[in-house]
Amino acid sequence: MALELFRNQVFRSSVLGGGLFRIGIGAVPFLLPLMFQIGFGLTPFQSGMITFVAAVGAIGMKFVTALIFRVAGFRRVLIFGSLIAAASIAINGLFTPDTRYVLILAALLVGGFIRSMFFTGINALAYAEISTADTSKATPIAAVFQQLSIALGVALAGGILEVSTTIHGGPLTLSDFHIAFFIVAAVSAAASLSFMRLAPDAGNAVSGYGGLTAPKTLKAGPPAGQ
């Protein structure tokens, strides 16, 4: 593994910050259907007919994502995007069987929009300041961290539910899911700290924001043996 790539602040923030964010996001497809079925008493079909709206939002955002990054730049969009997306996770912890389904659908749609924009941004940012020669090294690192963080999200969500039921000594309840959503939202929000360390012009050559005409890359190291 080409660990020297992590000397690049942009690559490091994209991989580590994006990984932290994906931990929270990875928990949502696990928690949300279970909450609707166990906490709300819906059938799997009814649950699926609600949760699919997030995918619709994700697809819709693809048409305007490039424009958003061109107007505001990577740093600003990723900082605020991670916080807003984390809030869209936390709001799931406020849903109850009495919540109007139109509000739930609207919240999931907006959450899908924001998460899609964020994922597109960090995926592009990972290679924004990596040289063409190093792209083949960066790709497996980014891919491994993506899959690992999503798996950790599911594990985190399951662990929270397990601990919660152990504490109150009963079966899963709606409040257990609410607690889990708040915790994984906090994990996702912590990703914003990584993006705050980015330079204001990070990735500008890719986004089109600012005056850079060519991406910054890692400086070549000294020849072997020197």
# chains A, B, ... in the order shown; residues from 1 in each chain; ligands from 1
call {"tool": "closest_atom_pairs", "arguments": {"of": "segment 83-182 of chain A", "to": "segment 196-206 of chain A", "cutoff": "9 Å", "atoms": "only C-alpha atoms", "output": "Markdown table"}}
result
| residue | atom | partner | partner_atom | distance |
| --- | --- | --- | --- | --- |
| A:Ala124 | CA | A:Val206 | CA | 7.8 |
| A:Leu125 | CA | A:Gly203 | CA | 6.1 |
| A:Ala126 | CA | A:Gly203 | CA | 9.0 |
| A:Tyr127 | CA | A:Gly203 | CA | 8.7 |
| A:Ala128 | CA | A:Gly203 | CA | 5.2 |
| A:Glu129 | CA | A:Gly203 | CA | 6.7 |
call {"tool": "residues_around", "arguments": {"residues": "Ser116 of chain A", "least_positions_apart": "5", "cutoff": "9 Å", "atoms": "only C-alpha atoms", "output": "ChimeraX atom specification"}}
result
/A:55,57-62,65,111,121
call {"tool": "residues_around", "arguments": {"residues": "Tyr101 of chain A", "least_positions_apart": "2", "cutoff": "12 Å", "atoms": "only C-alpha atoms", "output": "mmCIF file with all heavy atoms, in the first residue's frame"}}
result
data_model
loop_
_atom_site.group_PDB
_atom_site.id
_atom_site.type_symbol
_atom_site.label_atom_id
_atom_site.label_comp_id
_atom_site.auth_asym_id
_atom_site.auth_seq_id
_atom_site.Cartn_x
_atom_site.Cartn_y
_atom_site.Cartn_z
ATOM 1 N N PHE A 36 -38.669 0.916 10.721
ATOM 2 C CA PHE A 36 -40.019 0.947 10.172
ATOM 3 C C PHE A 36 -40.763 -0.366 10.430
ATOM 4 O O PHE A 36 -41.974 -0.373 10.660
ATOM 5 C CB PHE A 36 -39.968 1.230 8.676
ATOM 6 C CG PHE A 36 -39.653 2.660 8.342
ATOM 7 C CD1 PHE A 36 -38.859 2.974 7.246
ATOM 8 C CD2 PHE A 36 -40.137 3.694 9.118
ATOM 9 C CE1 PHE A 36 -38.564 4.290 6.932
ATOM 10 C CE2 PHE A 36 -39.847 5.021 8.819
ATOM 11 C CZ PHE A 36 -39.064 5.318 7.724
ATOM 12 N N PHE A 40 -42.337 0.704 13.864
ATOM 13 C CA PHE A 40 -43.582 1.218 13.306
ATOM 14 C C PHE A 40 -44.590 0.113 13.013
ATOM 15 O O PHE A 40 -45.767 0.388 12.805
ATOM 16 C CB PHE A 40 -43.318 1.974 11.997
ATOM 17 C CG PHE A 40 -42.712 3.337 12.163
ATOM 18 C CD1 PHE A 40 -41.699 3.577 13.089
ATOM 19 C CD2 PHE A 40 -43.115 4.391 11.369
ATOM 20 C CE1 PHE A 40 -41.127 4.823 13.224
ATOM 21 C CE2 PHE A 40 -42.554 5.654 11.492
ATOM 22 C CZ PHE A 40 -41.548 5.870 12.425
ATOM 23 N N GLN A 46 -43.885 -2.262 2.718
ATOM 24 C CA GLN A 46 -44.208 -0.879 3.078
ATOM 25 C C GLN A 46 -42.946 -0.102 3.450
ATOM 26 O O GLN A 46 -42.788 1.057 3.075
ATOM 27 C CB GLN A 46 -45.205 -0.865 4.240
ATOM 28 C CG GLN A 46 -46.585 -1.366 3.886
ATOM 29 C CD GLN A 46 -47.476 -1.543 5.107
ATOM 30 O OE1 GLN A 46 -46.995 -1.940 6.182
ATOM 31 N NE2 GLN A 46 -48.761 -1.260 4.955
ATOM 32 N N SER A 47 -42.056 -0.763 4.169
ATOM 33 C CA SER A 47 -40.791 -0.124 4.544
ATOM 34 C C SER A 47 -39.973 0.230 3.309
ATOM 35 O O SER A 47 -39.430 1.333 3.202
ATOM 36 C CB SER A 47 -39.997 -1.061 5.453
ATOM 37 O OG SER A 47 -38.716 -0.545 5.725
ATOM 38 N N MET A 49 -41.036 0.783 0.297
ATOM 39 C CA MET A 49 -41.690 1.830 -0.489
ATOM 40 C C MET A 49 -41.427 3.220 0.085
ATOM 41 O O MET A 49 -41.597 4.222 -0.599
ATOM 42 C CB MET A 49 -43.193 1.575 -0.564
ATOM 43 C CG MET A 49 -43.578 0.377 -1.416
ATOM 44 S SD MET A 49 -43.016 0.526 -3.134
ATOM 45 C CE MET A 49 -44.043 1.881 -3.712
ATOM 46 N N ILE A 50 -41.009 3.269 1.339
ATOM 47 C CA ILE A 50 -40.660 4.554 1.952
ATOM 48 C C ILE A 50 -39.174 4.849 1.757
ATOM 49 O O ILE A 50 -38.789 5.940 1.325
ATOM 50 C CB ILE A 50 -40.995 4.553 3.462
ATOM 51 C CG1 ILE A 50 -42.510 4.435 3.670
ATOM 52 C CG2 ILE A 50 -40.477 5.832 4.126
ATOM 53 C CD1 ILE A 50 -42.906 4.269 5.124
ATOM 54 N N THR A 51 -38.332 3.861 2.038
ATOM 55 C CA THR A 51 -36.889 4.111 2.024
ATOM 56 C C THR A 51 -36.321 4.314 0.621
ATOM 57 O O THR A 51 -35.246 4.905 0.476
ATOM 58 C CB THR A 51 -36.139 2.948 2.703
ATOM 59 O OG1 THR A 51 -36.489 1.711 2.059
ATOM 60 C CG2 THR A 51 -36.515 2.860 4.178
ATOM 61 N N VAL A 53 -37.142 6.331 -1.517
ATOM 62 C CA VAL A 53 -37.157 7.750 -1.876
ATOM 63 C C VAL A 53 -35.769 8.359 -1.758
ATOM 64 O O VAL A 53 -35.413 9.263 -2.525
ATOM 65 C CB VAL A 53 -38.163 8.507 -0.978
ATOM 66 C CG1 VAL A 53 -38.088 10.013 -1.219
ATOM 67 C CG2 VAL A 53 -39.579 8.009 -1.233
ATOM 68 N N PHE A 95 -38.503 10.372 14.100
ATOM 69 C CA PHE A 95 -39.709 9.799 13.498
ATOM 70 C C PHE A 95 -40.422 8.874 14.480
ATOM 71 O O PHE A 95 -39.784 8.106 15.201
ATOM 72 C CB PHE A 95 -39.367 8.996 12.241
ATOM 73 C CG PHE A 95 -38.802 9.808 11.111
ATOM 74 C CD1 PHE A 95 -37.974 9.218 10.158
ATOM 75 C CD2 PHE A 95 -39.089 11.158 10.990
ATOM 76 C CE1 PHE A 95 -37.450 9.956 9.110
ATOM 77 C CE2 PHE A 95 -38.570 11.903 9.946
ATOM 78 C CZ PHE A 95 -37.749 11.304 9.006
ATOM 79 N N THR A 96 -41.729 8.957 14.487
ATOM 80 C CA THR A 96 -42.573 8.059 15.274
ATOM 81 C C THR A 96 -43.720 7.596 14.380
ATOM 82 O O THR A 96 -43.932 8.157 13.297
ATOM 83 C CB THR A 96 -43.159 8.770 16.510
ATOM 84 O OG1 THR A 96 -44.142 9.735 16.091
ATOM 85 C CG2 THR A 96 -42.068 9.476 17.322
ATOM 86 N N PRO A 97 -44.478 6.575 14.806
ATOM 87 C CA PRO A 97 -45.625 6.140 13.994
ATOM 88 C C PRO A 97 -46.650 7.244 13.747
ATOM 89 O O PRO A 97 -47.464 7.138 12.823
ATOM 90 C CB PRO A 97 -46.219 4.998 14.830
ATOM 91 C CG PRO A 97 -45.050 4.452 15.594
ATOM 92 C CD PRO A 97 -44.222 5.669 15.936
ATOM 93 N N ASP A 98 -46.624 8.296 14.569
ATOM 94 C CA ASP A 98 -47.570 9.401 14.399
ATOM 95 C C ASP A 98 -47.079 10.451 13.408
ATOM 96 O O ASP A 98 -47.835 11.350 13.032
ATOM 97 C CB ASP A 98 -47.832 10.079 15.754
ATOM 98 C CG ASP A 98 -48.525 9.143 16.741
ATOM 99 O OD1 ASP A 98 -49.343 8.313 16.284
ATOM 100 O OD2 ASP A 98 -48.228 9.240 17.950
ATOM 101 N N THR A 99 -45.806 10.366 13.008
ATOM 102 C CA THR A 99 -45.261 11.324 12.051
ATOM 103 C C THR A 99 -45.920 11.126 10.687
ATOM 104 O O THR A 99 -46.055 9.994 10.214
ATOM 105 C CB THR A 99 -43.741 11.148 11.900
ATOM 106 O OG1 THR A 99 -43.118 11.238 13.193
ATOM 107 C CG2 THR A 99 -43.161 12.225 10.997
ATOM 108 N N LEU A 103 -43.944 13.910 5.515
ATOM 109 C CA LEU A 103 -42.773 14.538 6.123
ATOM 110 C C LEU A 103 -41.583 13.588 6.120
ATOM 111 O O LEU A 103 -40.439 14.000 5.887
ATOM 112 C CB LEU A 103 -43.101 14.978 7.555
ATOM 113 C CG LEU A 103 -44.171 16.051 7.710
ATOM 114 C CD1 LEU A 103 -44.405 16.364 9.187
ATOM 115 C CD2 LEU A 103 -43.771 17.317 6.968
ATOM 116 N N ILE A 104 -41.854 12.313 6.389
ATOM 117 C CA ILE A 104 -40.777 11.321 6.362
ATOM 118 C C ILE A 104 -40.192 11.214 4.959
ATOM 119 O O ILE A 104 -38.971 11.207 4.765
ATOM 120 C CB ILE A 104 -41.301 9.955 6.832
ATOM 121 C CG1 ILE A 104 -41.723 10.010 8.310
ATOM 122 C CG2 ILE A 104 -40.237 8.874 6.629
ATOM 123 C CD1 ILE A 104 -42.329 8.730 8.838
ATOM 124 N N LEU A 105 -41.065 11.157 3.966
ATOM 125 C CA LEU A 105 -40.609 11.052 2.579
ATOM 126 C C LEU A 105 -39.798 12.275 2.172
ATOM 127 O O LEU A 105 -38.769 12.155 1.493
ATOM 128 C CB LEU A 105 -41.809 10.876 1.641
ATOM 129 C CG LEU A 105 -42.564 9.550 1.755
ATOM 130 C CD1 LEU A 105 -43.830 9.594 0.913
ATOM 131 C CD2 LEU A 105 -41.678 8.389 1.314
ATOM 132 N N ALA A 106 -40.243 13.458 2.597
ATOM 133 C CA ALA A 106 -39.530 14.690 2.267
ATOM 134 C C ALA A 106 -38.143 14.694 2.902
ATOM 135 O O ALA A 106 -37.144 15.075 2.267
ATOM 136 C CB ALA A 106 -40.334 15.901 2.726
ATOM 137 N N ALA A 107 -38.058 14.251 4.165
ATOM 138 C CA ALA A 107 -36.769 14.223 4.859
ATOM 139 C C ALA A 107 -35.809 13.233 4.197
ATOM 140 O O ALA A 107 -34.619 13.522 4.031
ATOM 141 C CB ALA A 107 -36.974 13.848 6.325
ATOM 142 N N LEU A 108 -36.324 12.078 3.804
ATOM 143 C CA LEU A 108 -35.478 11.082 3.147
ATOM 144 C C LEU A 108 -35.024 11.555 1.770
ATOM 145 O O LEU A 108 -33.896 11.279 1.347
ATOM 146 C CB LEU A 108 -36.229 9.751 3.029
ATOM 147 C CG LEU A 108 -36.581 9.056 4.349
ATOM 148 C CD1 LEU A 108 -37.301 7.738 4.078
ATOM 149 C CD2 LEU A 108 -35.337 8.810 5.185
#
call {"tool": "closest_residue", "arguments": {"among": "A:Thr135, A:Ser192, A:Thr120, A:Ser149", "to": "Ala86 of chain A", "atoms": "only C-alpha atoms"}}
result
A:Ser192
call {"tool": "residues_around", "arguments": {"residues": "Gly159 of chain A", "least_positions_apart": "2", "cutoff": "12 Å", "atoms": "only C-alpha atoms", "output": "ChimeraX atom specification"}}
result
/A:27,30-31,152-157,161-166,176-177,179-180,183-184
call {"tool": "write_last_selection", "arguments": {"atoms": "all heavy atoms", "output": "compact mmCIF listing (two decimals), in the first residue's frame"}}
result
# COMPACT_ATOMS: atom_id res chain seq x y z
N ALA A 27 -24.67 2.90 8.26
CA ALA A 27 -25.61 2.39 9.25
C ALA A 27 -27.06 2.63 8.86
O ALA A 27 -27.96 1.90 9.30
CB ALA A 27 -25.33 3.04 10.61
N PHE A 30 -29.25 -0.07 7.20
CA PHE A 30 -29.50 -1.14 8.16
C PHE A 30 -30.56 -0.73 9.18
O PHE A 30 -31.49 -1.49 9.48
CB PHE A 30 -28.20 -1.50 8.87
CG PHE A 30 -28.35 -2.45 10.03
CD1 PHE A 30 -28.55 -3.80 9.81
CD2 PHE A 30 -28.28 -1.98 11.33
CE1 PHE A 30 -28.69 -4.68 10.88
CE2 PHE A 30 -28.42 -2.85 12.41
CZ PHE A 30 -28.61 -4.20 12.18
N LEU A 31 -30.42 0.48 9.70
CA LEU A 31 -31.31 0.93 10.78
C LEU A 31 -32.72 1.30 10.30
O LEU A 31 -33.71 0.96 10.96
CB LEU A 31 -30.69 2.14 11.49
CG LEU A 31 -29.46 1.88 12.36
CD1 LEU A 31 -28.87 3.21 12.83
CD2 LEU A 31 -29.83 1.01 13.55
N LEU A 152 -18.12 -1.05 8.72
CA LEU A 152 -18.03 -0.60 10.11
C LEU A 152 -19.31 0.11 10.54
O LEU A 152 -19.71 0.03 11.71
CB LEU A 152 -16.83 0.34 10.27
CG LEU A 152 -15.45 -0.31 10.27
CD1 LEU A 152 -14.36 0.75 10.31
CD2 LEU A 152 -15.30 -1.26 11.45
N GLY A 153 -19.96 0.80 9.59
CA GLY A 153 -21.22 1.47 9.91
C GLY A 153 -22.30 0.48 10.32
O GLY A 153 -23.03 0.71 11.30
N VAL A 154 -22.40 -0.61 9.58
CA VAL A 154 -23.38 -1.65 9.92
C VAL A 154 -23.04 -2.27 11.28
O VAL A 154 -23.91 -2.49 12.12
CB VAL A 154 -23.43 -2.73 8.83
CG1 VAL A 154 -24.38 -3.86 9.24
CG2 VAL A 154 -23.86 -2.13 7.51
N ALA A 155 -21.73 -2.53 11.49
CA ALA A 155 -21.30 -3.10 12.76
C ALA A 155 -21.59 -2.15 13.92
O ALA A 155 -22.03 -2.57 15.00
CB ALA A 155 -19.81 -3.43 12.71
N LEU A 156 -21.34 -0.85 13.70
CA LEU A 156 -21.61 0.14 14.74
C LEU A 156 -23.09 0.18 15.08
O LEU A 156 -23.47 0.18 16.26
CB LEU A 156 -21.14 1.52 14.27
CG LEU A 156 -21.48 2.70 15.19
CD1 LEU A 156 -20.80 2.54 16.54
CD2 LEU A 156 -21.08 4.02 14.54
N ALA A 157 -23.94 0.20 14.05
CA ALA A 157 -25.38 0.24 14.29
C ALA A 157 -25.85 -0.99 15.05
O ALA A 157 -26.63 -0.89 16.02
CB ALA A 157 -26.12 0.35 12.96
N LEU A 161 -27.51 -1.11 18.96
CA LEU A 161 -28.78 -1.77 19.28
C LEU A 161 -28.59 -2.88 20.31
O LEU A 161 -29.42 -3.05 21.21
CB LEU A 161 -29.42 -2.34 18.00
CG LEU A 161 -29.86 -1.32 16.95
CD1 LEU A 161 -30.45 -2.05 15.74
CD2 LEU A 161 -30.87 -0.34 17.51
N GLU A 162 -27.49 -3.63 20.17
CA GLU A 162 -27.22 -4.71 21.11
C GLU A 162 -27.00 -4.17 22.52
O GLU A 162 -27.54 -4.70 23.50
CB GLU A 162 -25.99 -5.50 20.65
CG GLU A 162 -25.60 -6.66 21.55
CD GLU A 162 -26.62 -7.78 21.55
OE1 GLU A 162 -27.39 -7.89 20.57
OE2 GLU A 162 -26.66 -8.54 22.53
N VAL A 163 -26.19 -3.13 22.63
CA VAL A 163 -25.92 -2.53 23.93
C VAL A 163 -27.20 -1.95 24.53
O VAL A 163 -27.48 -2.11 25.73
CB VAL A 163 -24.84 -1.43 23.81
CG1 VAL A 163 -24.73 -0.64 25.12
CG2 VAL A 163 -23.50 -2.04 23.44
N SER A 164 -28.00 -1.30 23.70
CA SER A 164 -29.23 -0.68 24.18
C SER A 164 -30.20 -1.71 24.74
O SER A 164 -30.79 -1.52 25.81
CB SER A 164 -29.89 0.11 23.05
OG SER A 164 -31.00 0.83 23.51
N THR A 165 -30.38 -2.82 24.03
CA THR A 165 -31.29 -3.85 24.52
C THR A 165 -30.74 -4.53 25.77
O THR A 165 -31.50 -4.94 26.65
CB THR A 165 -31.56 -4.91 23.43
OG1 THR A 165 -30.31 -5.45 22.96
CG2 THR A 165 -32.31 -4.30 22.26
N THR A 166 -29.43 -4.64 25.86
CA THR A 166 -28.82 -5.23 27.06
C THR A 166 -29.06 -4.35 28.27
O THR A 166 -29.32 -4.85 29.38
CB THR A 166 -27.31 -5.43 26.85
OG1 THR A 166 -27.08 -6.30 25.74
CG2 THR A 166 -26.67 -6.02 28.09
N ASP A 176 -34.65 2.64 20.97
CA ASP A 176 -33.32 2.08 20.67
C ASP A 176 -32.83 2.56 19.31
O ASP A 176 -31.66 2.90 19.14
CB ASP A 176 -33.37 0.56 20.69
CG ASP A 176 -33.70 -0.01 22.06
OD1 ASP A 176 -33.29 0.60 23.06
OD2 ASP A 176 -34.39 -1.05 22.12
N PHE A 177 -33.72 2.58 18.34
CA PHE A 177 -33.36 3.05 17.01
C PHE A 177 -33.07 4.55 17.01
O PHE A 177 -32.16 5.02 16.32
CB PHE A 177 -34.48 2.73 16.01
CG PHE A 177 -34.62 1.26 15.71
CD1 PHE A 177 -35.58 0.50 16.33
CD2 PHE A 177 -33.76 0.64 14.81
CE1 PHE A 177 -35.70 -0.86 16.06
CE2 PHE A 177 -33.86 -0.71 14.54
CZ PHE A 177 -34.85 -1.47 15.17
N ILE A 179 -31.83 6.31 19.46
CA ILE A 179 -30.50 6.49 20.04
C ILE A 179 -29.42 6.16 19.00
O ILE A 179 -28.43 6.88 18.85
CB ILE A 179 -30.33 5.60 21.28
CG1 ILE A 179 -31.24 6.10 22.42
CG2 ILE A 179 -28.88 5.58 21.75
CD1 ILE A 179 -31.31 5.16 23.61
N ALA A 180 -29.63 5.07 18.28
CA ALA A 180 -28.65 4.66 17.27
C ALA A 180 -28.49 5.72 16.18
O ALA A 180 -27.36 6.01 15.75
CB ALA A 180 -29.08 3.33 16.65
N ILE A 183 -26.38 8.65 17.46
CA ILE A 183 -24.95 8.34 17.61
C ILE A 183 -24.25 8.29 16.26
O ILE A 183 -23.17 8.89 16.07
CB ILE A 183 -24.77 7.00 18.36
CG1 ILE A 183 -25.24 7.16 19.81
CG2 ILE A 183 -23.30 6.57 18.32
CD1 ILE A 183 -25.20 5.86 20.61
N VAL A 184 -24.84 7.60 15.29
CA VAL A 184 -24.18 7.50 13.97
C VAL A 184 -24.17 8.85 13.27
O VAL A 184 -23.25 9.15 12.49
CB VAL A 184 -24.83 6.43 13.08
CG1 VAL A 184 -24.72 5.05 13.73
CG2 VAL A 184 -26.28 6.74 12.77
call {"tool": "closest_residue", "arguments": {"among": "A:Phe52, A:Phe145, A:Phe181, A:Phe11", "to": "Ser194 of chain A", "atoms": "only C-alpha atoms"}}
result
A:Phe11
call {"tool": "residues_around", "arguments": {"residues": "segment 18-22 of chain A", "least_positions_apart": "5", "cutoff": "10 Å", "atoms": "only C-alpha atoms", "output": "compact mmCIF listing (two decimals) with N, CA, C and O atoms, in the first residue's frame"}}
result
# COMPACT_ATOMS: atom_id res chain seq x y z
N ARG A 12 -5.63 12.66 1.97
CA ARG A 12 -5.84 12.18 3.33
C ARG A 12 -7.22 12.58 3.85
O ARG A 12 -7.93 11.76 4.44
N SER A 13 -7.61 13.82 3.62
CA SER A 13 -8.92 14.27 4.10
C SER A 13 -10.05 13.55 3.38
O SER A 13 -11.06 13.21 3.99
N ALA A 27 -24.67 2.90 8.26
CA ALA A 27 -25.61 2.39 9.25
C ALA A 27 -27.06 2.63 8.86
O ALA A 27 -27.96 1.90 9.30
N VAL A 28 -27.31 3.64 8.04
CA VAL A 28 -28.69 4.03 7.73
C VAL A 28 -29.48 2.95 7.00
O VAL A 28 -30.61 2.64 7.40
N LEU A 78 -18.02 20.53 1.30
CA LEU A 78 -17.85 19.32 2.09
C LEU A 78 -18.03 19.57 3.58
O LEU A 78 -18.56 18.71 4.29
N SER A 82 -21.32 17.79 4.98
CA SER A 82 -21.22 16.71 5.97
C SER A 82 -22.09 17.00 7.18
O SER A 82 -22.72 16.09 7.75
N LEU A 83 -22.16 18.26 7.59
CA LEU A 83 -22.99 18.62 8.74
C LEU A 83 -24.48 18.50 8.42
O LEU A 83 -25.26 18.00 9.24
N ALA A 85 -25.80 16.62 6.04
CA ALA A 85 -26.09 15.20 5.83
C ALA A 85 -26.19 14.48 7.17
O ALA A 85 -27.06 13.60 7.34
N ALA A 86 -25.33 14.84 8.12
CA ALA A 86 -25.42 14.24 9.46
C ALA A 86 -26.74 14.60 10.12
O ALA A 86 -27.36 13.77 10.80
N ARG A 115 -26.48 13.56 0.60
CA ARG A 115 -25.48 12.48 0.68
C ARG A 115 -24.89 12.19 -0.70
O ARG A 115 -23.69 11.92 -0.83
N PHE A 118 -22.35 14.84 -1.45
CA PHE A 118 -21.15 14.65 -0.63
C PHE A 118 -20.28 13.53 -1.18
O PHE A 118 -19.06 13.68 -1.32
N PHE A 119 -20.88 12.41 -1.50
CA PHE A 119 -20.12 11.27 -2.01
C PHE A 119 -19.44 11.60 -3.33
O PHE A 119 -18.29 11.22 -3.57
N GLY A 121 -18.46 14.48 -4.28
CA GLY A 121 -17.38 15.41 -3.96
C GLY A 121 -16.14 14.72 -3.42
O GLY A 121 -15.02 14.97 -3.89
N ILE A 122 -16.30 13.84 -2.43
CA ILE A 122 -15.11 13.22 -1.83
C ILE A 122 -14.47 12.22 -2.79
O ILE A 122 -13.25 12.02 -2.77
N ASN A 123 -15.29 11.60 -3.65
CA ASN A 123 -14.72 10.69 -4.63
C ASN A 123 -13.85 11.44 -5.64
O ASN A 123 -12.78 10.97 -6.05
N ALA A 126 -10.51 12.91 -3.94
CA ALA A 126 -9.44 11.95 -3.65
C ALA A 126 -8.35 11.97 -4.71
O ALA A 126 -7.17 11.74 -4.43
N ALA A 142 -8.44 4.03 -1.77
CA ALA A 142 -9.76 4.66 -1.62
C ALA A 142 -10.86 3.61 -1.61
O ALA A 142 -11.81 3.70 -0.80
N VAL A 144 -10.73 0.39 -0.72
CA VAL A 144 -10.71 -0.40 0.52
C VAL A 144 -11.31 0.39 1.67
O VAL A 144 -12.11 -0.14 2.46
N PHE A 145 -10.93 1.66 1.80
CA PHE A 145 -11.47 2.48 2.88
C PHE A 145 -12.98 2.66 2.73
O PHE A 145 -13.71 2.71 3.73
N GLN A 146 -13.47 2.78 1.50
CA GLN A 146 -14.91 2.92 1.29
C GLN A 146 -15.66 1.70 1.78
O GLN A 146 -16.64 1.80 2.53
N GLN A 147 -15.23 0.52 1.35
CA GLN A 147 -15.91 -0.71 1.74
C GLN A 147 -15.78 -0.98 3.24
O GLN A 147 -16.74 -1.42 3.89
N LEU A 148 -14.60 -0.70 3.78
CA LEU A 148 -14.37 -0.94 5.20
C LEU A 148 -15.25 -0.04 6.06
O LEU A 148 -15.85 -0.49 7.05
N SER A 149 -15.35 1.23 5.69
CA SER A 149 -16.13 2.16 6.50
C SER A 149 -17.61 1.85 6.45
O SER A 149 -18.32 1.97 7.47
N ILE A 150 -18.13 1.42 5.31
CA ILE A 150 -19.54 1.05 5.22
C ILE A 150 -19.82 -0.17 6.09
O ILE A 150 -20.83 -0.24 6.81
N ALA A 151 -18.91 -1.15 6.05
CA ALA A 151 -19.08 -2.34 6.89
C ALA A 151 -19.02 -1.97 8.38
O ALA A 151 -19.78 -2.50 9.19
N LEU A 152 -18.12 -1.05 8.72
CA LEU A 152 -18.03 -0.60 10.11
C LEU A 152 -19.31 0.11 10.54
O LEU A 152 -19.71 0.03 11.71
N GLY A 153 -19.96 0.80 9.59
CA GLY A 153 -21.22 1.47 9.91
C GLY A 153 -22.30 0.48 10.32
O GLY A 153 -23.03 0.71 11.30
N VAL A 184 -24.84 7.60 15.29
CA VAL A 184 -24.18 7.50 13.97
C VAL A 184 -24.17 8.85 13.27
O VAL A 184 -23.25 9.15 12.49
N ALA A 185 -25.16 9.70 13.56
CA ALA A 185 -25.15 11.05 13.00
C ALA A 185 -23.97 11.85 13.56
O ALA A 185 -23.32 12.61 12.83
N ALA A 186 -23.68 11.67 14.84
CA ALA A 186 -22.55 12.37 15.44
C ALA A 186 -21.23 11.91 14.82
O ALA A 186 -20.31 12.71 14.61
N VAL A 187 -21.13 10.62 14.51
CA VAL A 187 -19.92 10.09 13.86
C VAL A 187 -19.74 10.72 12.49
O VAL A 187 -18.65 11.14 12.11
N SER A 188 -20.83 10.81 11.72
CA SER A 188 -20.75 11.43 10.39
C SER A 188 -20.39 12.91 10.48
O SER A 188 -19.62 13.42 9.68
N ALA A 189 -20.96 13.60 11.46
CA ALA A 189 -20.68 15.02 11.61
C ALA A 189 -19.21 15.27 11.93
O ALA A 189 -18.65 16.30 11.55
N ALA A 190 -18.56 14.32 12.61
CA ALA A 190 -17.15 14.48 12.96
C ALA A 190 -16.27 14.55 11.72
O ALA A 190 -15.14 15.07 11.78
N ALA A 191 -16.76 14.06 10.58
CA ALA A 191 -15.98 14.13 9.35
C ALA A 191 -15.70 15.57 8.93
O ALA A 191 -14.71 15.84 8.26
N SER A 192 -16.55 16.50 9.33
CA SER A 192 -16.36 17.90 8.95
C SER A 192 -15.04 18.45 9.48
O SER A 192 -14.45 19.35 8.87
N SER A 194 -12.20 17.01 9.49
CA SER A 194 -11.15 16.68 8.52
C SER A 194 -11.15 17.67 7.37
O SER A 194 -10.08 18.09 6.90
N PHE A 195 -12.32 18.07 6.92
CA PHE A 195 -12.41 18.98 5.77
C PHE A 195 -12.10 20.42 6.16
O PHE A 195 -11.73 21.22 5.30
call {"tool": "select_by_dssp", "arguments": {"residues": "segment 39-209 of chain A", "states": "helix (DSSP H, G or I)", "output": "PyMOL selection string"}}
result
chain A and resi 39+44-51+53-61+65-72+74-94+101-125+132-168+174-189+191-196+204-207
call {"tool": "atom_distance", "arguments": {"atom1": "atom CA of Leu34 of chain A", "atom2": "atom CA of Ala143 of chain A"}}
result
27.6 Å
call {"tool": "atom_distance", "arguments": {"atom1": "atom CA of Val77 of chain A", "atom2": "atom CA of Ile23 of chain A"}}
result
19.4 Å
call {"tool": "closest_residue", "arguments": {"among": "A:Leu193, A:Ile38, A:Val102, A:Ile25", "to": "Ile114 of chain A", "atoms": "only C-alpha atoms"}}
result
A:Ile25
call {"tool": "atom_distance", "arguments": {"atom1": "atom CA of His168 of chain A", "atom2": "atom CA of Leu42 of chain A"}}
result
23.7 Å
call {"tool": "decode", "arguments": {"residues": "segment 111-123 of chain A", "atoms": "C-alpha atoms", "output": "compact mmCIF listing (two decimals), in the first residue's frame"}}
result
# COMPACT_ATOMS: atom_id res chain seq x y z
CA GLY A 111 -31.12 13.40 2.79
CA GLY A 112 -30.59 11.49 -0.45
CA PHE A 113 -29.81 14.75 -2.25
CA ILE A 114 -27.18 15.85 0.26
CA ARG A 115 -25.48 12.48 0.68
CA SER A 116 -25.20 12.02 -3.09
CA MET A 117 -23.57 15.43 -3.45
CA PHE A 118 -21.15 14.65 -0.63
CA PHE A 119 -20.12 11.27 -2.01
CA THR A 120 -19.55 12.69 -5.48
CA GLY A 121 -17.38 15.41 -3.96
CA ILE A 122 -15.11 13.22 -1.83
CA ASN A 123 -14.72 10.69 -4.63
